[in-house]
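Quick look at entry_31.cif (mmCIF, N, CA and C atoms):
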```
data_run
#
loop_
_atom_site.label_atom_id
_atom_site.label_comp_id
_atom_site.auth_asym_id
_atom_site.auth_seq_id
_atom_site.Cartn_x
_atom_site.Cartn_y
_atom_site.Cartn_z
N VAL A 8 0.84 -1.18 0.00
CA VAL A 8 0.00 0.00 0.00
C VAL A 8 0.88 1.24 0.00
N GLN A 9 0.46 2.26 -0.73
CA GLN A 9 1.18 3.53 -0.74
C GLN A 9 0.33 4.57 0.00
N LEU A 10 1.02 5.39 0.81
CA LEU A 10 0.34 6.35 1.66
C LEU A 10 0.80 7.77 1.31
N GLN A 11 -0.16 8.68 1.22
CA GLN A 11 0.13 10.07 0.88
C GLN A 11 -0.51 10.97 1.93
N ALA A 12 0.33 11.58 2.76
CA ALA A 12 -0.17 12.47 3.81
C ALA A 12 -0.24 13.90 3.31
N SER A 13 -1.20 14.64 3.82
CA SER A 13 -1.36 16.05 3.46
C SER A 13 -2.06 16.78 4.60
N GLY A 14 -2.09 18.11 4.48
CA GLY A 14 -2.83 18.91 5.44
C GLY A 14 -1.98 19.67 6.45
N GLY A 15 -0.69 19.46 6.44
CA GLY A 15 0.16 20.18 7.36
C GLY A 15 0.24 21.66 7.01
N GLY A 16 0.81 22.41 7.93
CA GLY A 16 0.95 23.85 7.69
C GLY A 16 1.34 24.57 8.95
N LEU A 17 1.25 25.88 8.89
CA LEU A 17 1.60 26.74 10.01
C LEU A 17 0.32 27.22 10.68
N VAL A 18 0.26 27.07 11.99
CA VAL A 18 -0.93 27.48 12.74
C VAL A 18 -0.48 28.07 14.08
N GLN A 19 -1.27 28.99 14.59
CA GLN A 19 -0.96 29.56 15.90
C GLN A 19 -1.39 28.61 17.01
N ALA A 20 -0.74 28.74 18.14
CA ALA A 20 -1.11 27.94 19.31
C ALA A 20 -2.59 28.14 19.62
N GLY A 21 -3.25 27.04 19.92
CA GLY A 21 -4.68 27.07 20.17
C GLY A 21 -5.52 26.79 18.95
N GLY A 22 -4.90 26.79 17.80
CA GLY A 22 -5.61 26.56 16.55
C GLY A 22 -5.80 25.10 16.24
N SER A 23 -6.33 24.84 15.05
CA SER A 23 -6.65 23.48 14.62
C SER A 23 -6.13 23.22 13.21
N LEU A 24 -5.86 21.95 12.97
CA LEU A 24 -5.52 21.47 11.63
C LEU A 24 -6.11 20.08 11.48
N ARG A 25 -6.38 19.70 10.24
CA ARG A 25 -6.79 18.32 9.97
C ARG A 25 -5.84 17.72 8.94
N LEU A 26 -5.20 16.65 9.34
CA LEU A 26 -4.33 15.92 8.42
C LEU A 26 -5.12 14.81 7.76
N SER A 27 -4.74 14.52 6.53
CA SER A 27 -5.34 13.42 5.78
C SER A 27 -4.24 12.49 5.28
N CYS A 28 -4.57 11.24 5.15
CA CYS A 28 -3.64 10.27 4.58
C CYS A 28 -4.43 9.37 3.65
N ALA A 29 -4.15 9.50 2.37
CA ALA A 29 -4.84 8.70 1.36
C ALA A 29 -4.01 7.48 1.03
N ALA A 30 -4.68 6.34 0.96
CA ALA A 30 -4.00 5.07 0.68
C ALA A 30 -4.41 4.54 -0.68
N SER A 31 -3.45 3.94 -1.35
CA SER A 31 -3.74 3.31 -2.63
C SER A 31 -4.31 1.91 -2.39
N GLY A 32 -4.83 1.31 -3.44
CA GLY A 32 -5.27 -0.07 -3.33
C GLY A 32 -6.72 -0.22 -2.94
N ARG A 33 -7.20 -1.48 -2.99
CA ARG A 33 -8.60 -1.75 -2.75
C ARG A 33 -8.83 -2.51 -1.46
N THR A 34 -7.81 -2.61 -0.63
CA THR A 34 -7.95 -3.37 0.61
C THR A 34 -7.67 -2.51 1.83
N PHE A 35 -8.06 -1.26 1.75
CA PHE A 35 -7.76 -0.30 2.83
C PHE A 35 -8.27 -0.80 4.17
N SER A 36 -9.44 -1.40 4.18
CA SER A 36 -10.03 -1.85 5.44
C SER A 36 -9.27 -3.03 6.05
N SER A 37 -8.29 -3.56 5.34
CA SER A 37 -7.48 -4.65 5.86
C SER A 37 -6.31 -4.15 6.70
N TYR A 38 -6.14 -2.84 6.77
CA TYR A 38 -5.00 -2.25 7.47
C TYR A 38 -5.46 -1.46 8.69
N SER A 39 -4.78 -1.66 9.79
CA SER A 39 -4.89 -0.68 10.86
C SER A 39 -4.11 0.55 10.40
N MET A 40 -4.53 1.71 10.86
CA MET A 40 -3.91 2.96 10.42
C MET A 40 -3.52 3.80 11.64
N GLY A 41 -2.53 4.62 11.44
CA GLY A 41 -2.12 5.45 12.56
C GLY A 41 -1.28 6.63 12.14
N TRP A 42 -0.99 7.46 13.12
CA TRP A 42 -0.14 8.62 12.92
C TRP A 42 0.99 8.61 13.93
N PHE A 43 2.15 9.01 13.46
CA PHE A 43 3.33 9.20 14.28
C PHE A 43 3.87 10.60 13.98
N ARG A 44 4.76 11.07 14.81
CA ARG A 44 5.38 12.37 14.54
C ARG A 44 6.82 12.36 14.99
N GLN A 45 7.60 13.23 14.37
CA GLN A 45 9.00 13.38 14.72
C GLN A 45 9.35 14.85 14.77
N ALA A 46 9.66 15.31 15.97
CA ALA A 46 10.07 16.70 16.16
C ALA A 46 11.57 16.83 15.90
N PRO A 47 12.04 18.04 15.60
CA PRO A 47 13.47 18.23 15.34
C PRO A 47 14.32 17.74 16.50
N GLY A 48 15.29 16.90 16.18
CA GLY A 48 16.20 16.41 17.20
C GLY A 48 15.65 15.33 18.11
N LYS A 49 14.45 14.85 17.79
CA LYS A 49 13.83 13.82 18.64
C LYS A 49 13.50 12.58 17.81
N GLU A 50 13.24 11.51 18.52
CA GLU A 50 12.86 10.28 17.85
C GLU A 50 11.38 10.32 17.44
N ARG A 51 11.06 9.51 16.47
CA ARG A 51 9.67 9.39 16.05
C ARG A 51 8.85 8.80 17.18
N GLU A 52 7.66 9.37 17.39
CA GLU A 52 6.80 8.88 18.47
C GLU A 52 5.40 8.63 17.96
N PHE A 53 4.74 7.71 18.63
CA PHE A 53 3.36 7.36 18.30
C PHE A 53 2.42 8.48 18.70
N VAL A 54 1.40 8.72 17.86
CA VAL A 54 0.39 9.74 18.16
C VAL A 54 -0.98 9.10 18.35
N ALA A 55 -1.44 8.34 17.35
CA ALA A 55 -2.79 7.78 17.41
C ALA A 55 -2.91 6.62 16.44
N ALA A 56 -3.85 5.72 16.74
CA ALA A 56 -4.13 4.59 15.87
C ALA A 56 -5.62 4.31 15.84
N VAL A 57 -6.06 3.74 14.73
CA VAL A 57 -7.46 3.35 14.58
C VAL A 57 -7.49 1.94 14.00
N SER A 58 -8.42 1.16 14.50
CA SER A 58 -8.48 -0.23 14.09
C SER A 58 -9.01 -0.38 12.66
N TRP A 59 -9.00 -1.59 12.18
CA TRP A 59 -9.25 -1.89 10.79
C TRP A 59 -10.59 -1.34 10.29
N ARG A 60 -11.63 -1.47 11.09
CA ARG A 60 -12.94 -0.95 10.67
C ARG A 60 -13.30 0.34 11.38
N GLY A 61 -12.37 0.86 12.18
CA GLY A 61 -12.61 2.13 12.85
C GLY A 61 -13.34 2.01 14.17
N GLY A 62 -13.50 0.79 14.66
CA GLY A 62 -14.27 0.60 15.87
C GLY A 62 -13.56 1.00 17.15
N SER A 63 -12.25 1.05 17.11
CA SER A 63 -11.52 1.45 18.31
C SER A 63 -10.35 2.35 17.94
N THR A 64 -10.01 3.21 18.88
CA THR A 64 -8.92 4.14 18.69
C THR A 64 -8.02 4.13 19.92
N TYR A 65 -6.82 4.62 19.73
CA TYR A 65 -5.84 4.66 20.81
C TYR A 65 -4.95 5.87 20.61
N TYR A 66 -4.66 6.58 21.72
CA TYR A 66 -3.93 7.83 21.63
C TYR A 66 -2.75 7.86 22.59
N ALA A 67 -1.75 8.60 22.20
CA ALA A 67 -0.69 8.94 23.14
C ALA A 67 -1.26 9.88 24.19
N GLU A 68 -0.74 9.79 25.39
CA GLU A 68 -1.25 10.64 26.48
C GLU A 68 -1.11 12.13 26.15
N SER A 69 -0.08 12.47 25.42
CA SER A 69 0.19 13.88 25.15
C SER A 69 -0.84 14.53 24.23
N VAL A 70 -1.62 13.72 23.51
CA VAL A 70 -2.60 14.29 22.58
C VAL A 70 -4.03 13.91 22.94
N LYS A 71 -4.20 13.07 23.94
CA LYS A 71 -5.53 12.61 24.31
C LYS A 71 -6.41 13.79 24.69
N GLY A 72 -7.63 13.82 24.13
CA GLY A 72 -8.55 14.90 24.39
C GLY A 72 -8.41 16.08 23.45
N ARG A 73 -7.32 16.12 22.69
CA ARG A 73 -7.11 17.21 21.73
C ARG A 73 -7.13 16.72 20.27
N PHE A 74 -6.65 15.53 20.05
CA PHE A 74 -6.59 14.96 18.70
C PHE A 74 -7.63 13.86 18.55
N THR A 75 -8.15 13.73 17.35
CA THR A 75 -9.10 12.66 17.03
C THR A 75 -8.71 11.99 15.72
N ILE A 76 -8.53 10.68 15.77
CA ILE A 76 -8.24 9.92 14.56
C ILE A 76 -9.53 9.27 14.08
N SER A 77 -9.68 9.26 12.76
CA SER A 77 -10.85 8.61 12.17
C SER A 77 -10.46 8.09 10.79
N ARG A 78 -11.31 7.25 10.24
CA ARG A 78 -11.04 6.72 8.92
C ARG A 78 -12.32 6.61 8.13
N ASP A 79 -12.18 6.74 6.82
CA ASP A 79 -13.30 6.56 5.91
C ASP A 79 -12.87 5.47 4.92
N ASN A 80 -13.32 4.27 5.14
CA ASN A 80 -12.87 3.16 4.30
C ASN A 80 -13.39 3.27 2.87
N ALA A 81 -14.48 4.00 2.66
CA ALA A 81 -14.99 4.19 1.30
C ALA A 81 -14.08 5.13 0.51
N LYS A 82 -13.36 5.99 1.21
CA LYS A 82 -12.46 6.94 0.55
C LYS A 82 -10.99 6.56 0.71
N ASN A 83 -10.73 5.42 1.35
CA ASN A 83 -9.34 4.98 1.56
C ASN A 83 -8.51 6.07 2.25
N THR A 84 -9.08 6.70 3.25
CA THR A 84 -8.42 7.84 3.87
C THR A 84 -8.55 7.76 5.39
N VAL A 85 -7.47 8.12 6.05
CA VAL A 85 -7.48 8.28 7.50
C VAL A 85 -7.19 9.75 7.82
N TYR A 86 -7.82 10.22 8.87
CA TYR A 86 -7.71 11.63 9.25
C TYR A 86 -7.15 11.78 10.66
N LEU A 87 -6.56 12.93 10.90
CA LEU A 87 -6.16 13.29 12.25
C LEU A 87 -6.60 14.73 12.48
N GLN A 88 -7.67 14.90 13.24
CA GLN A 88 -8.14 16.23 13.61
C GLN A 88 -7.37 16.67 14.84
N MET A 89 -6.68 17.79 14.71
CA MET A 89 -5.83 18.29 15.80
C MET A 89 -6.38 19.63 16.27
N ASN A 90 -6.82 19.67 17.50
CA ASN A 90 -7.36 20.89 18.11
C ASN A 90 -6.47 21.33 19.26
N SER A 91 -6.64 22.56 19.68
CA SER A 91 -5.88 23.11 20.81
C SER A 91 -4.39 22.84 20.65
N LEU A 92 -3.89 23.14 19.49
CA LEU A 92 -2.50 22.84 19.18
C LEU A 92 -1.56 23.65 20.05
N LYS A 93 -0.43 23.02 20.38
CA LYS A 93 0.59 23.63 21.21
C LYS A 93 1.90 23.67 20.42
N PRO A 94 2.80 24.57 20.79
CA PRO A 94 4.10 24.61 20.09
C PRO A 94 4.82 23.27 20.12
N GLU A 95 4.65 22.51 21.18
CA GLU A 95 5.32 21.21 21.28
C GLU A 95 4.72 20.16 20.35
N ASP A 96 3.63 20.49 19.66
CA ASP A 96 3.09 19.60 18.65
C ASP A 96 3.80 19.77 17.31
N THR A 97 4.68 20.74 17.22
CA THR A 97 5.43 20.97 15.98
C THR A 97 6.27 19.75 15.65
N ALA A 98 6.08 19.22 14.44
CA ALA A 98 6.77 18.00 14.03
C ALA A 98 6.39 17.67 12.59
N ILE A 99 7.11 16.71 12.05
CA ILE A 99 6.66 16.09 10.81
C ILE A 99 5.76 14.93 11.21
N TYR A 100 4.58 14.90 10.64
CA TYR A 100 3.60 13.86 10.96
C TYR A 100 3.57 12.83 9.83
N TYR A 101 3.67 11.57 10.24
CA TYR A 101 3.68 10.47 9.30
C TYR A 101 2.47 9.57 9.53
N CYS A 102 1.87 9.12 8.45
CA CYS A 102 0.85 8.10 8.61
C CYS A 102 1.46 6.73 8.34
N ALA A 103 0.87 5.73 8.94
CA ALA A 103 1.38 4.38 8.84
C ALA A 103 0.23 3.39 8.72
N ALA A 104 0.53 2.24 8.15
CA ALA A 104 -0.49 1.19 7.96
C ALA A 104 0.12 -0.16 8.33
N ASP A 105 -0.74 -1.07 8.72
CA ASP A 105 -0.25 -2.38 9.10
C ASP A 105 -1.35 -3.42 8.89
N ARG A 106 -0.95 -4.57 8.38
CA ARG A 106 -1.94 -5.62 8.12
C ARG A 106 -2.24 -6.46 9.35
N THR A 107 -1.31 -6.45 10.32
CA THR A 107 -1.50 -7.38 11.44
C THR A 107 -1.47 -6.73 12.81
N ARG A 108 -0.78 -5.63 12.96
CA ARG A 108 -0.65 -5.02 14.28
C ARG A 108 -1.57 -3.83 14.45
N TYR A 109 -2.11 -3.67 15.62
CA TYR A 109 -2.99 -2.55 15.90
C TYR A 109 -2.24 -1.23 15.84
N ILE A 110 -1.07 -1.16 16.43
CA ILE A 110 -0.22 0.01 16.28
C ILE A 110 0.61 -0.20 15.02
N PRO A 111 0.32 0.54 13.97
CA PRO A 111 0.90 0.24 12.67
C PRO A 111 2.37 0.62 12.56
N GLY A 112 3.04 -0.07 11.65
CA GLY A 112 4.43 0.25 11.38
C GLY A 112 4.98 -0.47 10.16
N GLU A 113 4.06 -1.08 9.39
CA GLU A 113 4.51 -1.86 8.24
C GLU A 113 4.77 -0.98 7.02
N TYR A 114 3.90 -0.03 6.79
CA TYR A 114 4.04 0.87 5.66
C TYR A 114 3.98 2.31 6.17
N TRP A 115 4.74 3.18 5.50
CA TRP A 115 4.84 4.57 5.95
C TRP A 115 4.61 5.53 4.79
N GLY A 116 3.98 6.66 5.11
CA GLY A 116 3.84 7.74 4.16
C GLY A 116 5.04 8.66 4.25
N GLN A 117 5.03 9.71 3.47
CA GLN A 117 6.21 10.57 3.35
C GLN A 117 6.27 11.67 4.40
N GLY A 118 5.21 11.92 5.11
CA GLY A 118 5.23 12.95 6.15
C GLY A 118 4.71 14.30 5.69
N THR A 119 4.11 15.02 6.63
CA THR A 119 3.65 16.37 6.37
C THR A 119 4.01 17.22 7.59
N LEU A 120 4.51 18.42 7.35
CA LEU A 120 5.06 19.24 8.42
C LEU A 120 3.96 20.08 9.06
N VAL A 121 3.90 20.02 10.37
CA VAL A 121 3.01 20.86 11.17
C VAL A 121 3.87 21.76 12.04
N THR A 122 3.64 23.06 11.93
CA THR A 122 4.38 24.04 12.73
C THR A 122 3.38 24.86 13.52
N VAL A 123 3.54 24.85 14.84
CA VAL A 123 2.65 25.60 15.72
C VAL A 123 3.45 26.74 16.34
N SER A 124 3.04 27.95 16.07
CA SER A 124 3.74 29.12 16.59
C SER A 124 3.11 29.57 17.91
N SER A 125 3.95 30.11 18.77
CA SER A 125 3.46 30.56 20.08
C SER A 125 3.02 32.01 20.05
#
```
Full structure transcribed into structure tokens:
Amino acid sequence: VQLQASGGGLVQAGGSLRLSCAASGRTFSSYSMGWFRQAPGKEREFVAAVSWRGGSTYYAESVKGRFTISRDNAKNTVYLQMNSLKPEDTAIYYCAADRTRYIPGEYWGQGTLVTVSS
């Protein structure tokens, strides 16, 4: 599967952004999907995941209550709605897919940059 992330940009603290990740292929519902991020000088970290049919979600503590992951299997797309953004959310955000694991890591998109100004 090929993944194409989009929706990043520059936003002020307290603002919102919605990231999208479009997947190729006809078996999108066979993959768990998720988002990770990597800030400058830091390791990549998990942000959120959604199960194969979207019935369950899981979040990192740092984004819980502010970010919402969702998926539209008819559109082969996973979303990350980010509200109440903070400067520490600044990072490159990557989407990922996996055929077997709930926290995905088998396939990766190219990343989209989110910059939150204070």
Contacts of Met89 in chain A at 6.5 Å (all atoms listed in the file; same-chain gap of 3+ positions) as a list in words |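 The residues satisfying every condition are Gly22, Ser23, Leu24, Arg25, Leu26, Arg73, Phe74, Thr75 and Leu92 of chain A.
Interatomic distance, CA of Pro111 in chain A to atom N of Gly21 in chain A: 28.1 Å.
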Name the residues in contact with Cys102 in chain A at a cut-off of 7 Å, using all atoms listed in the file, excluding same-chain residues fewer than 5 positions from it; report them as JSON, numbers by chain.
-> {"A": [10, 12, 28, 40, 41, 42, 43, 114, 115, 116, 117, 118, 119]}
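Comparing A:Lys93, A:Arg60, A:Lys49, A:Lys71 by their smallest distance to Ser37 in chain A, the closest is A:Arg60 (using only C-alpha atoms).
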Report the residues retrieved by the PyMOL selection byres ((chain A and resi 46) around 8) from the displayed file, expressed as a ChimeraX atom specification.
-> /A:43-45,47-52,95-100
Please identify all polymer residues within 8 Å of Gly61 in chain A, counting only C-alpha atoms, omitting same-chain residues fewer than 3 positions from it, and present them as a list in words.
->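 The residues that qualify are Val57, Ser58, Thr64, Ser77 and Arg78 of chain A.
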Nearest to Ile110 in chain A among A:Ser63, A:Ser39, A:Ser91, A:Ser124, with distances taken over only N, CA and C atoms: which residue is it?
->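 When distances to Ile110 in chain A are compared using only N, CA and C atoms, the smallest one comes from A:Ser39.
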Pairwise distance, atom N of Ser27 in chain A with atom N of Val85 in chain A, equals 7.0 Å
For atom C of Ser36 in chain A and CA of Tyr101 in chain A, quote the distance in Å rounded to one decimal.
->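 Between atom C of Ser36 in chain A and CA of Tyr101 in chain A the gap is 19.0 Å.
Of the residues under consideration (A:Ala56, A:Gly62, A:Ala20, A:Thr34), A:Ala56 shows the shortest atom-to-atom contact distance to Ile76 in chain A when counting only C-alpha atoms.
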Show which residues sit within 6 Å of Leu17 in chain A, as an MDAnalysis selection string. Count all atoms listed in the file, and ignore same-chain residues fewer than 5 positions away.
-> chainID A and resid 121:123
Could you tell me which of A:Arg106, A:Gly15, A:Leu120, A:Ala29 comes closest to Tyr86 in chain A if we count all atoms listed in the file?
-> A:Ala29
From the list A:Ala55, A:Leu87, A:Ala103, A:Ala30, which residue is nearest Gln9 in chain A when using all atoms listed in the file?
-> A:Ala30
Can you list every residue in chain A that DSSP puts in strand (DSSP E), as number ranges by chain?
-> A: 10-13, 16-19, 24-30, 39-45, 52-57, 64-66, 74-79, 84-89, 98-105, 114-115, 119-124
Just need the box for range 16-28 of chain A, edges along x, y and z, holding every atom the file lists for it with 5 Å tacked onto each side, so centre and edge lengths in Å to one decimal, as lines of an AutoDock Vina configuration file.
```
center_x = -2.6
center_y = 19.5
center_z = 11.9
size_x = 18.4
size_y = 30.2
size_z = 26.5
```
Pick out the closest residue to Lys82 in chain A from this set: A:Phe35, A:Arg108, A:Gly16, A:Gln11. Count only N, CA and C atoms.
->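 Of the candidates, the smallest distance to Lys82 in chain A is held by A:Phe35.
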